[in-house]
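Working notes for the structure below.
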Amino acid sequence: MNALRRALPQFPAYSTPLDKLGWWALRVGCVGVLLFLLLPILVIIPLSFSDSSFLVYPIPGWSLKWYENLFTSSEWIRAAKNSFIVAPMATLIATVLGTLAAVGLARVNFPFKGTLMSLLIAPMVVPIVVVGVSTYLFFAPLGLADSYAGLIIVHAALGAPFVLTTVLATLQGFNHNLVRASLSLGADPLSTFFRITLPVIAPGVISGALFAFATSFDEVVVTLFLAGPEQVTLPRQMFTGIRENITPTIAAVATLLIIFTTSLLLVLEWLRGRRR
């Protein structure tokens, strides 16, 4: 009973009627904002089970034919295959580079460190259209446009800042005396990193990797500039379908992506809980 009482929201001590009104108004407002943000996303889920050929409400009937069309269409299968090729490879590169950069920035103080940090996180703030145009102009003469390599490199560059910032935040509470103790006992720096530093910062590394994966998996603007017909990913295929022929198959894909992204966020929250 005491545990249940602690779990329920409690009014502040010595609260006045005005305090209670503000307490409830704040929570009602938060729920309203959440519903405003979530309902446009959730409304697409029932449409994926409609037997109509159009995205309409009320739903005339229920069917799984759009999911069947999704898993039997060569275009959608190719797009899903490309997404699961590009995103994991880009995530791996982004995780390695972002983690190494974070460890280096956390250990050493040097002139223009803030400037270097700003450059490393620039892909997070530069408009994505600018990134798409500039990378296409740079990669085209090198033969990297319309290739998996070019797409993976750019997606890795977009995901690395998320790994960098997440691992840096984790390193803020890292006890560097552990590293000094390991080195004083004769361990080399590489062994110290893998046996001391990495296990401690692993939740931050995994969280950053999940952010990098979600960034790559959902990216469409850069893909429009760099990907050729053979490198079409799921977001680009959805964008093409919306422009040319809107069908509930797109709603089926969106539903699966919602479930997939929600699962990633739940894993991320679980990792944050373990780190705390």
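Here's how to read the names in the structure tokens: chain A, B, ... by the order shown, residue numbers from 1 in each chain, ligand numbers from 1 in the order shown.
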Which residues are close to range 245-252 of chain A, i.e. within 8 Å by only C-alpha atoms, leaving aside same-chain residues fewer than 3 positions away? Reply as a PyMOL selection string. chain A and resi 44-45+47-50+52-55+66-67+69-70+238+241-242+255-256
Using DSSP on the backbone, list every residue of range 7-248 of chain A that comes out as helix (DSSP H, G or I), and give them as a PyMOL selection string. chain A and resi 7+17-42+44-47+65-72+74-107+113-120+122-125+128-142+148-171+177-184+189-218+221-226+229-231+234-244+248
In terms of only C-alpha atoms, the residue from A:Leu151, A:Val28, A:Leu21, A:Leu265 at minimal distance from Thr233 in chain A is A:Leu151
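Remark: for Pro235 in chain A, the closest of the candidate residues A:Ser216, A:Arg107, A:Leu64, A:Leu142 is A:Ser216 (distances computed over only C-alpha atoms).
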I'd like to know which of A:Cys30, A:Leu92, A:Ala25, A:Leu268 is closest to Ile153 in chain A, using only C-alpha atoms. A:Leu92
